[in-house]
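J.: Contents of coords14.tsv (TSV, C-alpha atoms and all ligand atoms):
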```tsv
chain	number	residue	atom	x	y	z
V	1	MET	CA	7.44	-15.64	17.02
V	2	LYS	CA	5.59	-12.82	15.37
V	3	PHE	CA	3.41	-9.92	16.39
V	4	ASP	CA	0.75	-8.94	13.88
V	5	TYR	CA	-1.15	-5.70	14.00
V	6	PHE	CA	-4.16	-5.32	11.74
V	7	LEU	CA	-4.53	-1.72	10.70
V	8	LYS	CA	-6.46	0.20	8.11
V	9	TYR	CA	-4.98	3.06	6.18
V	10	HIS	CA	-6.89	6.27	5.51
V	11	PRO	CA	-4.85	8.69	3.43
V	12	THR	CA	-5.33	12.34	4.12
V	13	ARG	CA	-3.36	15.51	3.96
V	14	GLN	CA	-2.43	17.84	6.64
V	15	ASP	CA	-4.63	20.82	6.09
V	16	GLY	CA	-2.30	23.70	6.64
V	17	GLY	CA	-5.10	26.08	5.85
V	18	ASP	CA	-4.01	26.57	2.27
V	19	VAL	CA	-3.90	23.08	0.97
V	20	MET	CA	-7.25	21.40	0.94
V	21	THR	CA	-9.29	21.60	-2.22
V	22	SER	CA	-11.52	18.99	-3.80
V	23	HIS	CA	-8.86	18.67	-6.47
V	24	ASN	CA	-6.32	17.74	-3.84
V	25	TRP	CA	-8.62	15.12	-2.42
V	26	LYS	CA	-8.67	13.27	-5.73
V	27	ALA	CA	-4.91	13.33	-5.86
V	28	LEU	CA	-4.40	11.60	-2.53
V	29	THR	CA	-1.76	9.00	-2.97
V	30	PRO	CA	-1.03	5.74	-1.21
V	31	ILE	CA	1.45	5.44	1.60
V	32	TRP	CA	4.85	4.20	0.53
V	33	THR	CA	6.32	1.57	2.72
V	34	GLY	CA	9.83	1.93	1.41
V	35	ASP	CA	12.11	-1.02	1.78
V	36	ALA	CA	10.99	-1.71	5.28
V	37	ASP	CA	12.98	-4.91	5.49
V	38	ARG	CA	16.14	-3.89	3.78
V	39	LYS	CA	19.12	-2.34	5.37
V	40	SER	CA	18.53	0.81	3.42
V	41	ASP	CA	15.34	1.68	5.29
V	42	ARG	CA	17.32	3.85	7.66
V	43	LEU	CA	18.17	6.03	4.72
V	44	ILE	CA	14.56	6.46	3.64
V	45	PRO	CA	13.39	9.52	5.49
V	46	THR	CA	9.68	8.90	5.20
V	47	GLY	CA	7.51	5.89	5.56
V	48	LEU	CA	6.25	3.71	8.28
V	49	MET	CA	9.45	2.89	10.09
V	50	GLY	CA	10.44	6.53	10.38
V	51	SER	CA	7.03	7.50	11.65
V	52	LEU	CA	6.94	4.67	14.10
V	53	ARG	CA	10.32	5.61	15.52
V	54	TRP	CA	9.38	9.28	15.72
V	55	TRP	CA	6.25	8.56	17.77
V	56	PHE	CA	8.19	6.06	19.89
V	57	GLU	CA	10.68	8.85	20.69
V	58	VAL	CA	7.80	11.14	21.64
V	59	LEU	CA	6.37	8.50	23.97
V	60	VAL	CA	9.76	7.75	25.55
V	61	ARG	CA	10.29	11.46	26.29
V	62	GLY	CA	6.76	11.62	27.64
V	63	LEU	CA	7.59	8.86	30.11
V	64	GLY	CA	10.66	10.75	31.27
V	65	GLY	CA	13.26	8.98	29.12
V	66	LYS	CA	15.86	10.45	26.80
V	67	ALA	CA	15.77	9.83	23.08
V	68	CYS	CA	18.33	10.91	20.54
V	69	ASP	CA	17.38	12.47	17.24
V	70	PRO	CA	18.61	9.98	14.63
V	71	THR	CA	18.91	12.76	12.05
V	72	SER	CA	21.13	15.01	14.16
V	73	PRO	CA	24.91	14.83	14.64
V	74	ALA	CA	24.28	14.09	18.33
V	75	ARG	CA	22.59	10.80	17.47
V	76	CYS	CA	23.67	7.53	18.99
V	77	PRO	CA	26.07	5.86	19.41
V	78	HIS	CA	27.83	7.93	22.04
V	79	PRO	CA	31.17	9.00	20.52
V	80	ASP	CA	33.18	7.81	23.53
V	81	VAL	CA	31.52	4.43	24.13
V	82	LYS	CA	32.83	1.93	21.61
V	83	GLU	CA	31.28	-1.28	22.88
V	84	PRO	CA	27.57	-1.48	21.95
V	85	THR	CA	26.64	-3.56	24.99
V	86	LYS	CA	28.28	-1.08	27.42
V	87	PRO	CA	26.01	1.31	29.29
V	88	GLY	CA	25.68	4.70	27.65
V	89	HIS	CA	26.39	3.49	24.11
V	90	HIS	CA	22.89	4.26	22.88
V	91	CYS	CA	19.54	5.55	24.08
V	92	VAL	CA	16.50	3.45	24.90
V	93	VAL	CA	14.98	4.17	21.46
V	94	CYS	CA	18.12	3.03	19.63
V	95	GLU	CA	18.10	-0.10	21.79
V	96	LEU	CA	15.02	-1.22	19.83
V	97	PHE	CA	15.34	0.69	16.55
V	98	GLY	CA	19.10	0.42	16.21
V	99	CYS	CA	21.93	2.81	15.46
V	100	THR	CA	25.39	2.50	13.95
V	101	GLY	CA	27.01	-0.51	15.59
V	102	TRP	CA	23.76	-1.82	17.08
V	103	ALA	CA	21.24	-3.35	14.68
V	104	ARG	CA	17.50	-2.94	14.98
V	105	LYS	CA	16.10	-5.74	17.11
V	106	PHE	CA	13.15	-6.52	14.90
V	107	ARG	CA	12.20	-6.92	11.32
V	108	MET	CA	9.03	-5.21	10.16
V	109	MET	CA	6.96	-6.60	7.34
V	110	VAL	CA	4.00	-4.94	5.73
V	111	LEU	CA	1.47	-7.52	4.60
V	112	ASP	CA	-1.92	-7.42	2.98
V	113	GLU	CA	-4.99	-9.19	4.37
V	114	HIS	CA	-3.90	-12.44	2.75
V	115	TYR	CA	-0.48	-12.24	4.39
V	116	ASN	CA	1.26	-11.38	1.15
V	117	VAL	CA	4.03	-8.83	1.36
V	118	ILE	CA	2.94	-5.41	0.13
V	119	GLN	CA	5.73	-4.44	-2.20
V	120	ASN	CA	5.45	-0.72	-2.55
V	121	GLN	CA	2.40	1.03	-1.34
V	122	ILE	CA	-0.64	0.79	0.88
V	123	ASN	CA	-3.74	2.04	-0.83
V	124	ALA	CA	-6.60	4.09	0.52
V	125	ASP	CA	-8.81	2.23	2.97
V	126	GLN	CA	-6.73	-0.90	2.63
V	127	ILE	CA	-6.36	-3.21	5.61
V	128	PHE	CA	-2.74	-4.05	6.16
V	129	ILE	CA	-0.75	-5.98	8.69
V	130	LEU	CA	2.35	-4.72	10.39
V	131	ARG	CA	4.25	-7.81	11.36
V	132	PHE	CA	7.07	-7.49	13.85
V	133	ILE	CA	9.52	-10.35	13.96
V	134	PRO	CA	12.13	-10.25	16.73
V	135	LEU	CA	15.67	-10.78	15.50
V	136	ARG	CA	17.13	-10.67	18.99
V	137	PRO	CA	15.49	-10.77	22.41
V	138	ILE	CA	13.09	-7.87	22.87
V	139	TYR	CA	12.22	-6.84	26.40
V	140	PRO	CA	8.54	-7.09	27.38
V	141	GLU	CA	8.71	-3.34	28.11
V	142	GLU	CA	9.77	-2.72	24.51
V	143	TRP	CA	6.79	-4.64	23.16
V	144	CYS	CA	4.53	-2.60	25.42
V	145	LEU	CA	6.08	0.66	24.27
V	146	LEU	CA	5.70	-0.38	20.65
V	147	ASP	CA	2.10	-1.35	21.26
V	148	CYS	CA	1.38	1.98	22.96
V	149	THR	CA	3.07	3.81	20.10
V	150	LEU	CA	0.79	2.16	17.56
V	151	ARG	CA	-2.29	2.84	19.64
V	152	ILE	CA	-1.31	6.47	20.02
V	153	ILE	CA	-0.69	6.90	16.29
V	154	ALA	CA	-4.00	5.25	15.46
V	155	GLU	CA	-6.14	7.03	18.02
V	156	TYR	CA	-4.52	10.44	18.36
V	157	GLY	CA	-1.86	10.97	15.70
V	158	ALA	CA	-1.08	10.30	12.08
V	159	ILE	CA	1.48	8.36	10.16
V	160	GLY	CA	3.56	9.95	7.48
V	161	GLY	CA	6.92	11.39	6.73
V	162	ARG	CA	8.68	12.06	9.95
V	163	THR	CA	10.62	14.69	8.08
V	164	VAL	CA	7.44	16.68	8.08
V	165	LEU	CA	7.10	16.49	11.80
V	166	LYS	CA	10.68	17.26	12.58
V	167	PRO	CA	12.12	20.73	12.49
V	168	SER	CA	15.69	19.86	11.56
V	169	ASP	CA	14.84	18.26	8.25
V	170	GLU	CA	12.84	20.97	6.70
V	171	LEU	CA	15.18	23.45	5.17
V	172	ASN	CA	13.27	25.59	2.72
V	173	ARG	CA	10.91	22.88	1.71
V	174	GLN	CA	7.68	24.55	2.58
V	175	ASN	CA	6.24	23.99	-0.86
V	176	ALA	CA	7.26	20.39	-0.96
V	177	LEU	CA	5.62	19.91	2.42
V	178	HIS	CA	2.26	20.80	1.02
V	179	HIS	CA	2.42	17.71	-1.08
V	180	LYS	CA	3.49	15.27	1.57
V	181	ASP	CA	0.94	12.63	2.20
V	182	TYR	CA	-0.15	11.52	5.59
V	183	GLY	CA	-2.41	8.84	6.77
V	184	LEU	CA	-4.70	8.17	9.60
V	185	ILE	CA	-4.47	4.56	10.59
V	186	GLN	CA	-7.20	2.67	12.26
V	187	TYR	CA	-6.31	0.03	14.81
V	188	ILE	CA	-8.30	-3.09	14.09
V	189	SER	CA	-6.58	-5.68	16.25
V	190	GLY	CA	-3.33	-6.33	18.02
V	191	PRO	CA	-1.28	-9.50	18.32
V	192	GLU	CA	-3.27	-12.57	19.33
V	193	ASN	CA	-2.74	-13.97	22.79
V	194	TRP	CA	-0.62	-11.05	23.83
V	195	HIS	CA	-1.28	-8.04	25.92
V	196	CYS	CA	0.91	-5.58	27.70
V	197	GLU	CA	1.42	-6.68	31.29
V	198	LYS	CA	3.53	-3.73	32.28
V	199	THR	CA	2.22	-0.79	34.22
V	200	ARG	CA	3.01	2.77	33.39
V	201	GLU	CA	5.38	2.77	36.35
V	202	ASP	CA	7.22	-0.25	34.92
V	203	LEU	CA	7.70	1.53	31.61
V	204	LYS	CA	8.80	4.72	33.30
V	205	ASN	CA	11.42	2.75	35.20
V	206	TYR	CA	12.47	0.95	32.05
V	207	VAL	CA	13.05	4.11	29.97
V	208	GLY	CA	14.83	5.66	32.94
V	209	ARG	CA	17.32	2.84	33.43
V	210	GLN	CA	20.90	3.87	34.05
V	211	ARG	CA	22.23	1.90	31.14
V	212	TRP	CA	20.57	4.00	28.42
V	213	ARG	CA	22.48	6.90	27.05
V	214	ASN	CA	21.04	9.96	28.70
V	215	ASP	CA	23.55	12.72	28.07
V	216	GLN	CA	21.07	14.55	25.84
V	217	ASN	CA	20.47	16.87	28.75
V	218	ARG	CA	21.13	20.02	26.85
V	219	GLU	CA	17.77	21.11	25.56
V	220	HIS	CA	17.90	20.40	21.88
V	221	ASP	CA	15.60	22.13	19.47
V	222	PHE	CA	13.01	19.38	19.41
V	223	SER	CA	12.89	18.19	23.01
V	224	TRP	CA	9.40	19.72	23.15
V	225	THR	CA	8.25	16.78	21.05
V	226	SER	CA	7.42	14.89	24.20
V	227	PHE	CA	4.10	13.27	24.91
V	228	GLN	CA	3.90	15.44	28.03
V	229	ASN	CA	3.49	18.41	25.65
V	230	PHE	CA	1.06	16.68	23.32
V	231	TRP	CA	-2.61	17.54	22.89
V	232	CYS	CA	-5.35	16.23	20.63
V	233	VAL	CA	-8.92	17.04	19.70
V	234	LYS	CA	-10.64	14.24	17.86
V	235	GLY	CA	-13.37	14.64	15.25
V	236	ARG	CA	-12.51	18.25	14.46
V	237	TYR	CA	-10.24	19.85	11.94
V	238	LEU	CA	-8.94	23.28	11.10
V	239	ALA	CA	-9.14	24.42	7.52
V	240	ARG	CA	-9.23	27.21	5.08
V	241	LYS	CA	-12.83	28.21	4.50
V	242	ASN	CA	-12.27	30.65	1.67
V	243	ALA	CA	-9.65	33.10	0.44
V	244	ASP	CA	-10.12	35.30	3.48
V	245	GLU	CA	-10.80	32.86	6.29
V	246	SER	CA	-8.74	30.02	7.69
V	247	THR	CA	-9.29	28.53	11.12
V	248	PHE	CA	-5.86	26.93	10.86
V	249	ASN	CA	-4.16	30.28	10.39
V	250	GLN	CA	-6.36	31.74	13.11
V	251	VAL	CA	-5.07	29.17	15.60
V	252	VAL	CA	-1.40	29.50	14.74
V	253	GLY	CA	-1.64	33.28	14.53
V	254	ARG	CA	-1.02	33.77	10.83
V	255	ALA	CA	-2.99	36.26	8.75
V	256	PRO	CA	-6.13	34.49	7.55
V	257	SER	CA	-6.13	35.94	4.03
V	258	LYS	CA	-4.20	34.23	1.28
V	259	ARG	CA	-4.68	37.14	-1.08
V	260	CYS	CA	-1.75	38.77	-2.80
V	261	LYS	CA	-0.43	41.82	-0.98
V	262	ASP	CA	0.22	43.59	-4.25
V	263	CYS	CA	-2.98	43.06	-6.24
V	264	ASN	CA	-5.40	41.60	-3.67
V	265	GLN	CA	-6.16	38.63	-5.91
V	266	VAL	CA	-5.72	34.93	-5.18
V	267	HIS	CA	-2.96	33.35	-7.21
V	268	SER	CA	-2.56	29.66	-7.79
V	269	PRO	CA	0.68	28.20	-6.38
V	270	ARG	CA	2.94	28.60	-9.40
V	271	GLN	CA	1.32	31.70	-10.84
V	272	LYS	CA	3.25	34.95	-10.76
V	273	CYS	CA	1.53	38.12	-9.71
V	274	PRO	CA	0.46	39.89	-12.92
V	275	LYS	CA	1.07	43.23	-11.29
V	276	THR	CA	4.60	42.72	-10.03
V	277	GLU	CA	5.46	39.80	-12.35
V	278	ARG	CA	7.09	38.16	-9.38
V	279	HIS	CA	6.37	35.34	-7.01
V	280	PRO	CA	3.29	36.51	-5.09
V	281	ARG	CA	3.58	37.78	-1.54
V	282	ARG	CA	0.57	36.58	0.39
V	283	TYR	CA	-0.71	38.01	3.65
V	284	SER	CA	-0.76	34.50	5.14
V	285	ASP	CA	2.94	34.02	4.38
V	286	ASP	CA	4.04	36.68	6.84
V	287	ASN	CA	5.62	35.28	9.96
V	288	PRO	CA	3.73	36.32	13.06
V	289	THR	CA	5.60	38.66	15.36
V	290	ASP	CA	4.31	37.76	18.83
V	291	PRO	CA	6.50	35.03	20.32
V	292	ILE	CA	3.73	32.50	20.86
V	293	SER	CA	2.40	32.71	17.32
V	294	ALA	CA	5.91	32.86	15.93
V	295	TRP	CA	6.64	29.54	17.61
V	296	LEU	CA	3.28	27.97	16.73
V	297	ALA	CA	3.29	29.01	13.10
V	298	GLY	CA	6.93	28.12	12.64
V	299	ARG	CA	9.26	29.80	10.24
V	300	GLN	CA	9.68	28.59	6.69
V	301	GLN	CA	12.21	25.96	7.66
V	302	GLU	CA	10.49	24.76	10.79
V	303	SER	CA	7.87	22.18	11.44
V	304	LYS	CA	4.40	23.29	12.32
V	305	LYS	CA	3.30	22.63	15.85
V	306	VAL	CA	-0.33	22.12	14.95
V	307	PHE	CA	-1.46	19.31	12.67
V	308	SER	CA	-4.97	19.01	11.40
V	309	PHE	CA	-6.53	16.30	9.29
V	310	LYS	CA	-9.87	16.08	7.65
V	311	HIS	CA	-11.22	12.68	6.77
V	312	PRO	CA	-14.51	12.15	4.94
V	313	GLN	CA	-15.75	9.37	7.23
V	314	GLU	CA	-13.79	9.71	10.41
V	315	GLY	CA	-14.17	13.44	10.68
V	316	GLY	CA	-10.52	13.97	11.28
V	317	ARG	CA	-8.46	15.18	14.17
V	318	THR	CA	-6.26	18.04	15.21
V	319	PHE	CA	-3.21	17.60	17.37
V	320	GLY	CA	-0.01	19.32	18.27
V	321	PHE	CA	2.51	20.23	20.88
V	322	ILE	CA	2.99	22.99	23.36
V	323	LYS	CA	6.32	24.23	24.68
V	324	PRO	CA	6.02	25.03	28.38
V	325	ASP	CA	8.47	27.95	28.36
V	326	ILE	CA	6.61	29.58	25.45
V	327	MET	CA	3.00	28.51	25.76
V	328	GLY	CA	0.93	26.12	27.83
V	329	PHE	CA	-2.18	24.05	27.21
V	330	GLU	CA	-4.50	26.88	28.28
V	331	GLU	CA	-3.24	29.10	25.50
V	332	ILE	CA	-3.69	26.55	22.73
V	333	LYS	CA	-7.11	25.66	24.12
V	334	ARG	CA	-8.08	29.33	24.08
V	335	ARG	CA	-7.02	29.60	20.44
V	336	LEU	CA	-8.89	26.43	19.49
V	337	GLN	CA	-12.01	27.75	21.18
V	338	GLN	CA	-11.85	30.78	18.90
V	339	ALA	CA	-11.89	28.46	15.90
V	340	TRP	CA	-14.50	26.13	17.39
V	341	PRO	CA	-16.66	28.14	19.78
V	342	ASP	CA	-18.54	25.02	20.90
V	343	LEU	CA	-15.38	23.13	21.88
V	344	LYS	CA	-15.95	21.40	25.20
V	345	ASP	CA	-13.18	21.05	27.78
V	346	SER	CA	-13.61	17.29	27.70
V	347	GLU	CA	-12.77	17.21	23.98
V	348	PHE	CA	-9.33	18.66	24.55
V	349	LEU	CA	-7.06	15.81	25.60
V	350	THR	CA	-3.55	16.28	26.89
V	351	GLY	CA	-0.85	13.67	26.47
V	352	GLU	CA	-1.07	13.01	30.20
V	353	GLU	CA	-4.79	12.29	29.96
V	354	ILE	CA	-4.13	9.98	27.03
V	355	LEU	CA	-1.42	8.14	28.98
V	356	GLN	CA	-3.89	7.69	31.82
V	357	ARG	CA	-6.41	6.25	29.38
V	358	LEU	CA	-3.80	3.89	27.96
V	359	TRP	CA	-3.15	2.44	31.40
V	360	GLY	CA	-6.40	3.24	33.07
V	361	GLY	CA	-8.25	0.15	31.91
V	362	THR	CA	-10.12	2.01	29.20
V	363	ARG	CA	-8.11	1.08	26.19
V	364	PRO	CA	-8.59	3.60	23.41
E	1	ZN	ZN	-10.82	6.30	4.65
E	2	ZN	ZN	19.65	6.95	20.31
E	3	ZN	ZN	-0.80	39.70	-7.11
```
Here is the file; what I need is its structure written in the form of structure tokens.

T.:
Amino acid sequence: MKFDYFLKYHPTRQDGGDVMTSHNWKALTPIWTGDADRKSDRLIPTGLMGSLRWWFEVLVRGLGGKACDPTSPARCPHPDVKEPTKPGHHCVVCELFGCTGWARKFRMMVLDEHYNVIQNQINADQIFILRFIPLRPIYPEEWCLLDCTLRIIAEYGAIGGRTVLKPSDELNRQNALHHKDYGLIQYISGPENWHCEKTREDLKNYVGRQRWRNDQNREHDFSWTSFQNFWCVKGRYLARKNADESTFNQVVGRAPSKRCKDCNQVHSPRQKCPKTERHPRRYSDDNPTDPISAWLAGRQQESKKVFSFKHPQEGGRTFGFIKPDIMGFEEIKRRLQQAWPDLKDSEFLTGEEILQRLWGGTRP
């Protein structure tokens, strides 16, 4: 048995407001698959498997389930449950993706159009096949969740290093982040003769089953990465327009100017300021002080909460998360409307609206 997804890869970069230049566009690199089939893939922080799992976690939380963070010390298995088949050993995400003591239930192959294994990389605009081969019985609910995850990534998200999306992994790597490659993937077709027969209610019940580890009740620092807090605007992107204007910075509340605070010039990334002979201090590097912007913009070591992608043909997309105790959807919408004055209410989709579309008959 195998489940083949035909997808097309469109490389792009997250436009953090300071990144996108025509030079950067030429340098776009392929997506690396890593050793998707080898045991070592759990050690490779980026790549398809990591991205897939990350979005699967987001969806599970959005349906009311609990998901561990596989990069945190609190990851599964539960320290007190030794037997992997006992309730509470691992969370519903680890049930499919595996954890120490419980192997991943599927093998993932990355194939080209002729069903040959892609060894290293997927190139720009290449059609590729994600083939899922069950190694042990996979519940119908798990296939549906996986299918939804891929549809969500393709229609509303992006694939790339999950390290980039996750706060805990990003210690002082802001500069490295600028060079991380992302991709928009286009969903061409799903597995033949298969479709999800589960309702949203079925999946909610499945992720909420008693047997899954659910002691992650303490709010951890990324529990806001739930699909209930997700939003997306398709066909629009935020970008730096010139040295003094950046709609991205405008939305997250950073200073729009990337000029040097000491000499008022624009310095290229590695250039020192000729005046101070030190690493330049840019206006846009200052952390915002109001709590909403401080959260949205993130500190140096945190993930951004707003992701924006420009794509020459597809137009791009902008998506992100809110955190209900800090800011709601109205606030991010208000900020987006400042960047895009003609933004219509109907263009702003919440995770809940997307979930309704996924099960509302109108497949994305
Ligand atoms: Zn493309
Ligand atoms: Zn887990
Ligand atoms: Zn300077």

J.: Please identify all protein, DNA and RNA residues within 6 Å of ligand ZN 3 (chain E), counting only C-alpha atoms and all ligand atoms, and report them as number ranges by chain.

T.: V: 260, 262-263, 265, 273-275, 280

J.: Using all atoms listed in the file, what are the residues with an atom within 8 Å of ligand ZN 2 (chain E), set out as JSON, numbers by chain?

T.: {"V": [67, 68, 69, 70, 75, 76, 77, 90, 91, 92, 93, 94, 95, 98, 99, 213]}

J.: Which neighbours of Cys148 of chain V fall inside 9 Å, counting all atoms listed in the file, when residues of the same chain fewer than 3 positions from it are skipped, and could you give them as a VMD selection string?

T.: chain V and resid 56 59 143 to 145 151 to 153 196 358

J.: For ligand ZN 1 (chain E), collect every residue having any atom at a distance of at most 8 Å from a ligand atom (counting all atoms listed in the file); output as a PyMOL selection string.

T.: chain V and resi 9-11+124-125+311-314

J.: Just how far from atom CA of Ala255 of chain V is atom CA of His279 of chain V, in Å to one decimal?

T.: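 One can read the atom CA of His279 of chain V to atom CA of Ala255 of chain V distance as 18.4 Å.
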
J.: Suppose you want the space between atom CA of Asn214 of chain V and atom CA of Ala103 of chain V; what is it in Å?

T.: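 Distance reported for this atom pair: 19.3 Å.
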
J.: What's around Val58 of chain V at 12 Å? Count only C-alpha atoms, leave out sequence neighbours fewer than 3 positions away in its own chain, and write the answer as a PDB file with C-alpha atoms, in the coordinates of the input.

T.:
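See out01.pdb below for the written result:
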```
ATOM      1  CA  SER V  51       7.030   7.500  11.650  1.00  0.00           C
ATOM      2  CA  LEU V  52       6.940   4.670  14.100  1.00  0.00           C
ATOM      3  CA  ARG V  53      10.320   5.610  15.520  1.00  0.00           C
ATOM      4  CA  TRP V  54       9.380   9.280  15.720  1.00  0.00           C
ATOM      5  CA  TRP V  55       6.250   8.560  17.770  1.00  0.00           C
ATOM      6  CA  ARG V  61      10.290  11.460  26.290  1.00  0.00           C
ATOM      7  CA  GLY V  62       6.760  11.620  27.640  1.00  0.00           C
ATOM      8  CA  LEU V  63       7.590   8.860  30.110  1.00  0.00           C
ATOM      9  CA  GLY V  64      10.660  10.750  31.270  1.00  0.00           C
ATOM     10  CA  GLY V  65      13.260   8.980  29.120  1.00  0.00           C
ATOM     11  CA  LYS V  66      15.860  10.450  26.800  1.00  0.00           C
ATOM     12  CA  ALA V  67      15.770   9.830  23.080  1.00  0.00           C
ATOM     13  CA  CYS V  68      18.330  10.910  20.540  1.00  0.00           C
ATOM     14  CA  ASP V  69      17.380  12.470  17.240  1.00  0.00           C
ATOM     15  CA  VAL V  93      14.980   4.170  21.460  1.00  0.00           C
ATOM     16  CA  LEU V 145       6.080   0.660  24.270  1.00  0.00           C
ATOM     17  CA  LEU V 146       5.700  -0.380  20.650  1.00  0.00           C
ATOM     18  CA  CYS V 148       1.380   1.980  22.960  1.00  0.00           C
ATOM     19  CA  THR V 149       3.070   3.810  20.100  1.00  0.00           C
ATOM     20  CA  ILE V 152      -1.310   6.470  20.020  1.00  0.00           C
ATOM     21  CA  ILE V 153      -0.690   6.900  16.290  1.00  0.00           C
ATOM     22  CA  GLY V 157      -1.860  10.970  15.700  1.00  0.00           C
ATOM     23  CA  ARG V 162       8.680  12.060   9.950  1.00  0.00           C
ATOM     24  CA  LEU V 165       7.100  16.490  11.800  1.00  0.00           C
ATOM     25  CA  LYS V 166      10.680  17.260  12.580  1.00  0.00           C
ATOM     26  CA  PHE V 222      13.010  19.380  19.410  1.00  0.00           C
ATOM     27  CA  SER V 223      12.890  18.190  23.010  1.00  0.00           C
ATOM     28  CA  TRP V 224       9.400  19.720  23.150  1.00  0.00           C
ATOM     29  CA  THR V 225       8.250  16.780  21.050  1.00  0.00           C
ATOM     30  CA  SER V 226       7.420  14.890  24.200  1.00  0.00           C
ATOM     31  CA  PHE V 227       4.100  13.270  24.910  1.00  0.00           C
ATOM     32  CA  GLN V 228       3.900  15.440  28.030  1.00  0.00           C
ATOM     33  CA  ASN V 229       3.490  18.410  25.650  1.00  0.00           C
ATOM     34  CA  PHE V 230       1.060  16.680  23.320  1.00  0.00           C
ATOM     35  CA  GLY V 320      -0.010  19.320  18.270  1.00  0.00           C
ATOM     36  CA  PHE V 321       2.510  20.230  20.880  1.00  0.00           C
ATOM     37  CA  GLY V 351      -0.850  13.670  26.470  1.00  0.00           C
TER      38      GLY V 351
END
```

J.: Pick from V:Tyr237, V:Tyr182, V:Phe6, V:Phe248: nearest to Arg131 of chain V, with only C-alpha atoms counted?

T.: V:Phe6

J.: As an exercise, work out the distance from atom CA of Ala74 of chain V to atom CA of Gln210 of chain V in Å and give it to one decimal place.

T.: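 It comes out at 19.1 Å.
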
J.: Choose the residue, out of V:Val251, V:Lys204, V:Leu349, V:Pro291, that has the smallest atom-to-atom separation from Asp325 of chain V; count all atoms listed in the file.

T.: V:Pro291

J.: From the options V:His114, V:Val60, V:Asp215, V:Thr318, which residue's atoms come nearest to Trp340 of chain V, counting all atoms listed in the file?

T.: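 The closest residue to Trp340 of chain V is V:Thr318.
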
J.: Just checking: using only C-alpha atoms, which residue out of V:Val252, V:Ile332, V:Val233, V:Leu238 ends up closest to Phe319 of chain V?

T.: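 Nearest candidate to Phe319 of chain V out of V:Val252, V:Ile332, V:Val233, V:Leu238: V:Val233.
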
J.: Give as a list in words each residue that has an atom at most 8 Å from (-4.7, 4.6, 10.7) in the file, counting all atoms listed in the file.

T.: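 Protein and nucleic acid residues near the point are Leu7, Lys8, Tyr9, His10, Ile153, Ala154, Glu155, Ala158, Ile159, Gly183, Leu184, Ile185, Gln186 and Tyr187 of chain V.
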
J.: Which residue out of V:Arg278, V:Arg236, V:Lys105, V:Lys333 has the minimum interatomic distance to Tyr156 of chain V when all atoms listed in the file are used?

T.: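 Once distances to Tyr156 of chain V are computed over all atoms listed in the file, the minimum belongs to V:Arg236.
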
J.: Could you give me, as number ranges by chain, the residues within 12 Å of Gly360 of chain V, counting all atoms listed in the file and dropping anything in the same chain fewer than 5 positions from it?

T.: V: 199-200, 352-355

J.: For the selection you just gave me, I'd like the residues written to a file as a compact mmCIF listing (two decimals), in the coordinates of the input, keeping C-alpha atoms.

T.:
```
# COMPACT_ATOMS: atom_id res chain seq x y z
CA THR V 199 2.22 -0.79 34.22
CA ARG V 200 3.01 2.77 33.39
CA GLU V 352 -1.07 13.01 30.20
CA GLU V 353 -4.79 12.29 29.96
CA ILE V 354 -4.13 9.98 27.03
CA LEU V 355 -1.42 8.14 28.98
```

J.: Could you put an axis-aligned box around every listed atom of segment 309-325 of chain V, padded by 5 Å on each side, and send me its centre and edge lengths in Å to one decimal, as AutoDock Vina command-line options?

T.:
```
--center_x -3.6 --center_y 18.7 --center_z 16.7 --size_x 34.2 --size_y 28.6 --size_z 33.4
```
